[in-house]
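K.L.:
This one is data.tsv, TSV, N, CA, C and O atoms.
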```tsv
chain	number	residue	atom	x	y	z
L	6	MET	N	-1.02	-22.67	-2.32
L	6	MET	CA	-0.75	-21.38	-1.70
L	6	MET	C	-0.29	-20.39	-2.76
L	6	MET	O	0.52	-20.71	-3.60
L	7	GLY	N	-0.82	-19.19	-2.70
L	7	GLY	CA	-0.43	-18.15	-3.63
L	7	GLY	C	0.14	-16.97	-2.89
L	7	GLY	O	-0.12	-16.76	-1.71
L	8	LYS	N	0.93	-16.21	-3.61
L	8	LYS	CA	1.54	-15.02	-3.04
L	8	LYS	C	1.20	-13.85	-3.95
L	8	LYS	O	1.22	-13.99	-5.17
L	9	LYS	N	0.88	-12.72	-3.35
L	9	LYS	CA	0.54	-11.54	-4.12
L	9	LYS	C	1.22	-10.34	-3.48
L	9	LYS	O	1.17	-10.16	-2.27
L	10	VAL	N	1.88	-9.51	-4.29
L	10	VAL	CA	2.55	-8.31	-3.80
L	10	VAL	C	1.85	-7.10	-4.42
L	10	VAL	O	1.63	-7.06	-5.62
L	11	VAL	N	1.48	-6.15	-3.58
L	11	VAL	CA	0.77	-4.96	-4.02
L	11	VAL	C	1.58	-3.73	-3.62
L	11	VAL	O	2.02	-3.62	-2.47
L	12	GLU	N	1.78	-2.81	-4.57
L	12	GLU	CA	2.51	-1.58	-4.28
L	12	GLU	C	1.54	-0.41	-4.35
L	12	GLU	O	0.76	-0.29	-5.29
L	13	LEU	N	1.57	0.44	-3.35
L	13	LEU	CA	0.75	1.65	-3.32
L	13	LEU	C	1.66	2.86	-3.23
L	13	LEU	O	2.62	2.85	-2.47
L	14	LYS	N	1.33	3.89	-3.98
L	14	LYS	CA	2.07	5.15	-3.88
L	14	LYS	C	1.11	6.26	-3.50
L	14	LYS	O	0.00	6.34	-4.02
L	15	GLU	N	1.56	7.10	-2.60
L	15	GLU	CA	0.73	8.16	-2.06
L	15	GLU	C	0.58	9.33	-3.04
L	15	GLU	O	1.51	9.72	-3.70
L	16	SER	N	-0.63	9.86	-3.09
L	16	SER	CA	-0.84	11.13	-3.76
L	16	SER	C	-1.40	12.13	-2.76
L	16	SER	O	-1.24	13.32	-2.89
L	17	ASP	N	-2.04	11.60	-1.71
L	17	ASP	CA	-2.61	12.42	-0.65
L	17	ASP	C	-2.65	11.57	0.61
L	17	ASP	O	-3.05	10.41	0.56
L	18	ASP	N	-2.24	12.13	1.75
L	18	ASP	CA	-2.14	11.36	2.99
L	18	ASP	C	-3.42	10.64	3.37
L	18	ASP	O	-3.41	9.45	3.65
L	19	GLU	N	-4.55	11.34	3.39
L	19	GLU	CA	-5.80	10.71	3.80
L	19	GLU	C	-6.23	9.64	2.82
L	19	GLU	O	-6.66	8.57	3.21
L	20	VAL	N	-6.10	9.92	1.54
L	20	VAL	CA	-6.48	8.95	0.52
L	20	VAL	C	-5.56	7.73	0.60
L	20	VAL	O	-6.01	6.61	0.45
L	21	PHE	N	-4.28	7.94	0.86
L	21	PHE	CA	-3.32	6.84	0.98
L	21	PHE	C	-3.73	5.89	2.09
L	21	PHE	O	-3.78	4.68	1.89
L	22	ASP	N	-4.07	6.42	3.26
L	22	ASP	CA	-4.48	5.57	4.39
L	22	ASP	C	-5.76	4.81	4.06
L	22	ASP	O	-5.88	3.63	4.35
L	23	GLU	N	-6.73	5.50	3.44
L	23	GLU	CA	-7.98	4.84	3.07
L	23	GLU	C	-7.74	3.74	2.04
L	23	GLU	O	-8.28	2.65	2.14
L	24	GLU	N	-6.92	4.05	1.03
L	24	GLU	CA	-6.62	3.08	-0.03
L	24	GLU	C	-5.86	1.89	0.54
L	24	GLU	O	-6.11	0.74	0.16
L	25	LEU	N	-4.94	2.13	1.45
L	25	LEU	CA	-4.17	1.07	2.09
L	25	LEU	C	-5.12	0.11	2.83
L	25	LEU	O	-5.06	-1.10	2.63
L	26	ASN	N	-6.01	0.66	3.64
L	26	ASN	CA	-6.96	-0.17	4.38
L	26	ASN	C	-7.91	-0.90	3.44
L	26	ASN	O	-8.25	-2.07	3.66
L	27	LYS	N	-8.33	-0.23	2.37
L	27	LYS	CA	-9.24	-0.84	1.39
L	27	LYS	C	-8.58	-2.03	0.71
L	27	LYS	O	-9.17	-3.10	0.58
L	28	ARG	N	-7.33	-1.86	0.28
L	28	ARG	CA	-6.61	-2.95	-0.40
L	28	ARG	C	-6.42	-4.15	0.52
L	28	ARG	O	-6.58	-5.28	0.11
L	29	ILE	N	-6.07	-3.88	1.78
L	29	ILE	CA	-5.87	-4.97	2.74
L	29	ILE	C	-7.19	-5.72	2.94
L	29	ILE	O	-7.23	-6.95	2.87
L	30	SER	N	-8.28	-4.98	3.12
L	30	SER	CA	-9.59	-5.61	3.32
L	30	SER	C	-10.01	-6.43	2.11
L	30	SER	O	-10.54	-7.54	2.26
L	31	GLU	N	-9.79	-5.90	0.91
L	31	GLU	CA	-10.17	-6.61	-0.32
L	31	GLU	C	-9.42	-7.93	-0.43
L	31	GLU	O	-10.00	-8.96	-0.77
L	32	HIS	N	-8.11	-7.91	-0.16
L	32	HIS	CA	-7.32	-9.13	-0.29
L	32	HIS	C	-7.67	-10.14	0.81
L	32	HIS	O	-7.70	-11.34	0.56
L	33	GLU	N	-7.94	-9.64	2.01
L	33	GLU	CA	-8.34	-10.55	3.10
L	33	GLU	C	-9.68	-11.19	2.78
L	33	GLU	O	-9.91	-12.36	3.10
L	34	ALA	N	-10.59	-10.45	2.16
L	34	ALA	CA	-11.89	-11.00	1.77
L	34	ALA	C	-11.74	-12.09	0.71
L	34	ALA	O	-12.55	-13.00	0.63
L	35	ASP	N	-10.66	-12.01	-0.08
L	35	ASP	CA	-10.39	-13.03	-1.10
L	35	ASP	C	-9.61	-14.21	-0.53
L	35	ASP	O	-9.16	-15.08	-1.27
L	36	GLY	N	-9.41	-14.23	0.80
L	36	GLY	CA	-8.74	-15.35	1.44
L	36	GLY	C	-7.25	-15.19	1.61
L	36	GLY	O	-6.55	-16.12	2.01
L	37	PHE	N	-6.71	-14.01	1.31
L	37	PHE	CA	-5.28	-13.77	1.48
L	37	PHE	C	-5.02	-13.22	2.88
L	37	PHE	O	-5.87	-12.57	3.48
L	38	GLU	N	-3.83	-13.50	3.40
L	38	GLU	CA	-3.42	-12.98	4.69
L	38	GLU	C	-2.22	-12.05	4.48
L	38	GLU	O	-1.28	-12.38	3.76
L	39	LEU	N	-2.27	-10.88	5.10
L	39	LEU	CA	-1.15	-9.94	5.02
L	39	LEU	C	0.01	-10.50	5.83
L	39	LEU	O	-0.12	-10.71	7.03
L	40	VAL	N	1.13	-10.78	5.17
L	40	VAL	CA	2.27	-11.40	5.87
L	40	VAL	C	3.45	-10.44	6.03
L	40	VAL	O	4.33	-10.67	6.83
L	41	ASP	N	3.47	-9.36	5.23
L	41	ASP	CA	4.57	-8.40	5.35
L	41	ASP	C	4.13	-7.07	4.77
L	41	ASP	O	3.37	-7.02	3.81
L	42	GLN	N	4.60	-5.99	5.38
L	42	GLN	CA	4.35	-4.67	4.83
L	42	GLN	C	5.58	-3.80	5.05
L	42	GLN	O	6.17	-3.82	6.12
L	43	GLU	N	5.98	-3.12	4.01
L	43	GLU	CA	7.14	-2.24	4.07
L	43	GLU	C	6.69	-0.85	3.64
L	43	GLU	O	5.99	-0.69	2.65
L	44	PHE	N	7.13	0.14	4.39
L	44	PHE	CA	6.79	1.53	4.07
L	44	PHE	C	8.06	2.31	3.79
L	44	PHE	O	9.10	2.06	4.40
L	45	ALA	N	7.95	3.24	2.88
L	45	ALA	CA	9.09	4.09	2.54
L	45	ALA	C	8.58	5.50	2.28
L	45	ALA	O	7.41	5.71	1.98
L	46	THR	N	9.48	6.45	2.40
L	46	THR	CA	9.16	7.85	2.09
L	46	THR	C	10.17	8.33	1.07
L	46	THR	O	11.36	8.05	1.18
L	47	HIS	N	9.67	9.03	0.07
L	47	HIS	CA	10.56	9.59	-0.95
L	47	HIS	C	10.08	11.00	-1.27
L	47	HIS	O	8.93	11.35	-1.02
L	48	PHE	N	10.96	11.81	-1.81
L	48	PHE	CA	10.58	13.17	-2.19
L	48	PHE	C	10.07	13.16	-3.62
L	48	PHE	O	10.73	12.68	-4.53
L	49	ASP	N	8.86	13.68	-3.81
L	49	ASP	CA	8.27	13.76	-5.14
L	49	ASP	C	8.44	15.18	-5.66
L	49	ASP	O	7.82	16.12	-5.15
L	50	PRO	N	9.29	15.36	-6.69
L	50	PRO	CA	9.54	16.72	-7.19
L	50	PRO	C	8.31	17.36	-7.84
L	50	PRO	O	8.18	18.58	-7.83
L	51	GLN	N	7.40	16.55	-8.38
L	51	GLN	CA	6.20	17.12	-8.99
L	51	GLN	C	5.26	17.69	-7.93
L	51	GLN	O	4.63	18.72	-8.16
L	52	LEU	N	5.16	17.01	-6.80
L	52	LEU	CA	4.31	17.51	-5.71
L	52	LEU	C	5.08	18.43	-4.77
L	52	LEU	O	4.49	19.10	-3.94
L	53	ASN	N	6.40	18.42	-4.90
L	53	ASN	CA	7.30	19.25	-4.09
L	53	ASN	C	7.15	18.96	-2.59
L	53	ASN	O	7.11	19.87	-1.77
L	54	ARG	N	7.04	17.67	-2.25
L	54	ARG	CA	6.93	17.27	-0.85
L	54	ARG	C	7.25	15.78	-0.72
L	54	ARG	O	7.22	15.05	-1.70
L	55	PRO	N	7.52	15.34	0.52
L	55	PRO	CA	7.74	13.91	0.75
L	55	PRO	C	6.44	13.14	0.53
L	55	PRO	O	5.36	13.62	0.87
L	56	CYS	N	6.55	11.93	-0.01
L	56	CYS	CA	5.40	11.06	-0.24
L	56	CYS	C	5.71	9.66	0.28
L	56	CYS	O	6.86	9.25	0.31
L	57	SER	N	4.67	8.95	0.65
L	57	SER	CA	4.82	7.60	1.16
L	57	SER	C	4.50	6.57	0.11
L	57	SER	O	3.77	6.83	-0.83
L	58	SER	N	5.08	5.40	0.30
L	58	SER	CA	4.71	4.25	-0.54
L	58	SER	C	4.69	3.02	0.38
L	58	SER	O	5.31	3.01	1.44
L	59	ALA	N	3.94	2.03	-0.05
L	59	ALA	CA	3.83	0.80	0.74
L	59	ALA	C	3.93	-0.39	-0.19
L	59	ALA	O	3.44	-0.36	-1.32
L	60	LEU	N	4.59	-1.42	0.29
L	60	LEU	CA	4.69	-2.68	-0.42
L	60	LEU	C	4.06	-3.73	0.50
L	60	LEU	O	4.55	-3.99	1.59
L	61	LEU	N	2.93	-4.28	0.06
L	61	LEU	CA	2.19	-5.24	0.87
L	61	LEU	C	2.35	-6.64	0.28
L	61	LEU	O	2.20	-6.81	-0.92
L	62	THR	N	2.64	-7.62	1.11
L	62	THR	CA	2.78	-8.99	0.66
L	62	THR	C	1.69	-9.83	1.32
L	62	THR	O	1.56	-9.83	2.54
L	63	PHE	N	0.92	-10.52	0.48
L	63	PHE	CA	-0.17	-11.38	0.94
L	63	PHE	C	0.12	-12.82	0.54
L	63	PHE	O	0.73	-13.06	-0.49
L	64	GLU	N	-0.35	-13.76	1.35
L	64	GLU	CA	-0.27	-15.17	1.01
L	64	GLU	C	-1.62	-15.81	1.24
L	64	GLU	O	-2.39	-15.38	2.09
L	65	LYS	N	-1.87	-16.85	0.47
L	65	LYS	CA	-3.15	-17.56	0.57
L	65	LYS	C	-2.88	-18.99	0.99
L	65	LYS	O	-1.94	-19.60	0.58
```
Please express the file's structure as structure tokens.

P.N.:
Amino acid sequence: MGKKVVELKESDDEVFDEELNKRISEHEADGFELVDQEFATHFDPQLNRPCSSALLTFEK
């Protein structure tokens, strides 16, 4: 059994959702199962707005 943790940081809401779904699908295709997901929001001073991040944990 293997464990893999993937972190995603948002740059754009639509792209973030697409990238999140893409990463989950890619790992599931490799035989991993999504066992935990954590989401957070932080303020990005460069973008001058709140941004999301996700921490995905997969196990095989």

K.L.:
Quick one: pick out all strand (DSSP E) residues within segment 6-61 of chain L from a backbone DSSP run and write them as a list in words.

P.N.:
Lys8, Lys9, Val10, Val11, Glu12, Leu13, Lys14, Glu38, Leu39, Val40, Asp41, Gln42, Glu43, Phe44, Ala45, Thr46, His47, Phe48, Asp49, Arg54, Pro55, Cys56, Ser57, Ser58, Ala59, Leu60 and Leu61 of chain L

K.L.:
Could you name the residues that touch Gly36 of chain L at 7 Å or less, counting all atoms listed in the file, but leaving out those on the same chain fewer than 5 positions away, as a list in words?

P.N.:
Ser30, Glu31, Glu64 and Lys65 of chain L

K.L.:
Extract, using only C-alpha atoms, all DNA, RNA and protein residues at most 10 Å from Ala59 of chain L, discarding same-chain residues fewer than 2 positions from it, and format them as a PyMOL selection string.

P.N.:
chain L and resi 11-15+21+25+42-46+57+61-62

K.L.:
Interatomic distance between atom O of Glu33 of chain L and atom CA of Leu60 of chain L?

P.N.:
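Calculated distance between atom O of Glu33 of chain L and atom CA of Leu60 of chain L is 17.9 Å.
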
K.L.:
Provide the atom CA of Gly7 of chain L to atom O of His32 of chain L distance in Å, to one decimal place.

P.N.:
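Taking atom CA of Gly7 of chain L and atom O of His32 of chain L, their separation equals 10.8 Å.
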
K.L.:
Separation of atom C of Phe63 of chain L and atom C of Lys8 of chain L, in Å?

P.N.:
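Calculated distance between atom C of Phe63 of chain L and atom C of Lys8 of chain L is 4.7 Å.
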
K.L.:
Name the residues of chain L that fall into helix (DSSP H, G or I) according to DSSP on the backbone, using the chain letters and numbers of this document, as a PyMOL selection string.

P.N.:
chain L and resi 18-34

K.L.:
Starting from the block above, write chain L out to a file with C-alpha atoms, as a PDB file, in the first residue's frame, please.

P.N.:
```
ATOM      1  CA  MET L   6       0.000   0.000   0.000  1.00  0.00           C
ATOM      2  CA  GLY L   7       1.244   3.449  -0.877  1.00  0.00           C
ATOM      3  CA  LYS L   8       0.231   6.880   0.238  1.00  0.00           C
ATOM      4  CA  LYS L   9       0.459  10.040  -1.826  1.00  0.00           C
ATOM      5  CA  VAL L  10      -0.312  13.614  -0.747  1.00  0.00           C
ATOM      6  CA  VAL L  11      -0.976  16.278  -3.382  1.00  0.00           C
ATOM      7  CA  GLU L  12      -1.244  20.014  -2.689  1.00  0.00           C
ATOM      8  CA  LEU L  13      -3.024  22.365  -5.076  1.00  0.00           C
ATOM      9  CA  LYS L  14      -3.062  26.139  -4.865  1.00  0.00           C
ATOM     10  CA  GLU L  15      -5.601  28.267  -6.667  1.00  0.00           C
ATOM     11  CA  SER L  16      -4.720  30.876  -9.224  1.00  0.00           C
ATOM     12  CA  ASP L  17      -8.199  31.043 -10.769  1.00  0.00           C
ATOM     13  CA  ASP L  18     -11.473  29.571  -9.451  1.00  0.00           C
ATOM     14  CA  GLU L  19     -12.508  27.742 -12.626  1.00  0.00           C
ATOM     15  CA  VAL L  20      -9.022  26.434 -13.310  1.00  0.00           C
ATOM     16  CA  PHE L  21      -8.701  25.314  -9.670  1.00  0.00           C
ATOM     17  CA  ASP L  22     -11.875  23.202  -9.881  1.00  0.00           C
ATOM     18  CA  GLU L  23     -10.806  21.702 -13.216  1.00  0.00           C
ATOM     19  CA  GLU L  24      -7.290  20.970 -11.941  1.00  0.00           C
ATOM     20  CA  LEU L  25      -8.683  19.445  -8.731  1.00  0.00           C
ATOM     21  CA  ASN L  26     -10.942  17.073 -10.683  1.00  0.00           C
ATOM     22  CA  LYS L  27      -8.131  16.268 -13.138  1.00  0.00           C
ATOM     23  CA  ARG L  28      -5.681  15.368 -10.353  1.00  0.00           C
ATOM     24  CA  ILE L  29      -8.244  13.159  -8.605  1.00  0.00           C
ATOM     25  CA  SER L  30      -9.060  11.357 -11.871  1.00  0.00           C
ATOM     26  CA  GLU L  31      -5.375  10.855 -12.725  1.00  0.00           C
ATOM     27  CA  HIS L  32      -4.585   9.325  -9.333  1.00  0.00           C
ATOM     28  CA  GLU L  33      -7.691   7.119  -9.375  1.00  0.00           C
ATOM     29  CA  ALA L  34      -6.677   5.870 -12.839  1.00  0.00           C
ATOM     30  CA  ASP L  35      -3.310   4.888 -11.315  1.00  0.00           C
ATOM     31  CA  GLY L  36      -5.125   2.764  -8.721  1.00  0.00           C
ATOM     32  CA  PHE L  37      -5.138   5.274  -5.859  1.00  0.00           C
ATOM     33  CA  GLU L  38      -8.232   6.029  -3.792  1.00  0.00           C
ATOM     34  CA  LEU L  39      -8.941   9.507  -2.416  1.00  0.00           C
ATOM     35  CA  VAL L  40      -9.111   9.007   1.362  1.00  0.00           C
ATOM     36  CA  ASP L  41      -8.981  12.591   2.651  1.00  0.00           C
ATOM     37  CA  GLN L  42      -9.274  16.122   1.352  1.00  0.00           C
ATOM     38  CA  GLU L  43      -8.743  19.366   3.217  1.00  0.00           C
ATOM     39  CA  PHE L  44      -9.563  22.800   1.865  1.00  0.00           C
ATOM     40  CA  ALA L  45      -8.360  26.149   3.108  1.00  0.00           C
ATOM     41  CA  THR L  46      -8.691  29.777   2.084  1.00  0.00           C
ATOM     42  CA  HIS L  47      -5.954  32.345   2.452  1.00  0.00           C
ATOM     43  CA  PHE L  48      -5.485  35.921   1.310  1.00  0.00           C
ATOM     44  CA  ASP L  49      -2.973  36.288  -1.518  1.00  0.00           C
ATOM     45  CA  PRO L  50      -1.461  39.789  -1.436  1.00  0.00           C
ATOM     46  CA  GLN L  51      -0.137  39.473  -5.004  1.00  0.00           C
ATOM     47  CA  LEU L  52      -3.604  38.730  -6.386  1.00  0.00           C
ATOM     48  CA  ASN L  53      -5.233  40.978  -3.760  1.00  0.00           C
ATOM     49  CA  ARG L  54      -8.012  38.466  -3.052  1.00  0.00           C
ATOM     50  CA  PRO L  55      -8.788  35.281  -1.120  1.00  0.00           C
ATOM     51  CA  CYS L  56      -7.481  32.072  -2.728  1.00  0.00           C
ATOM     52  CA  SER L  57      -8.194  28.409  -2.116  1.00  0.00           C
ATOM     53  CA  SER L  58      -5.857  25.513  -1.583  1.00  0.00           C
ATOM     54  CA  ALA L  59      -6.477  21.800  -1.277  1.00  0.00           C
ATOM     55  CA  LEU L  60      -4.538  18.973   0.295  1.00  0.00           C
ATOM     56  CA  LEU L  61      -5.530  15.605  -1.179  1.00  0.00           C
ATOM     57  CA  THR L  62      -4.486  12.293   0.363  1.00  0.00           C
ATOM     58  CA  PHE L  63      -4.569   9.125  -1.737  1.00  0.00           C
ATOM     59  CA  GLU L  64      -3.869   5.519  -0.792  1.00  0.00           C
ATOM     60  CA  LYS L  65      -3.243   2.500  -2.949  1.00  0.00           C
TER      61      LYS L  65
END
```
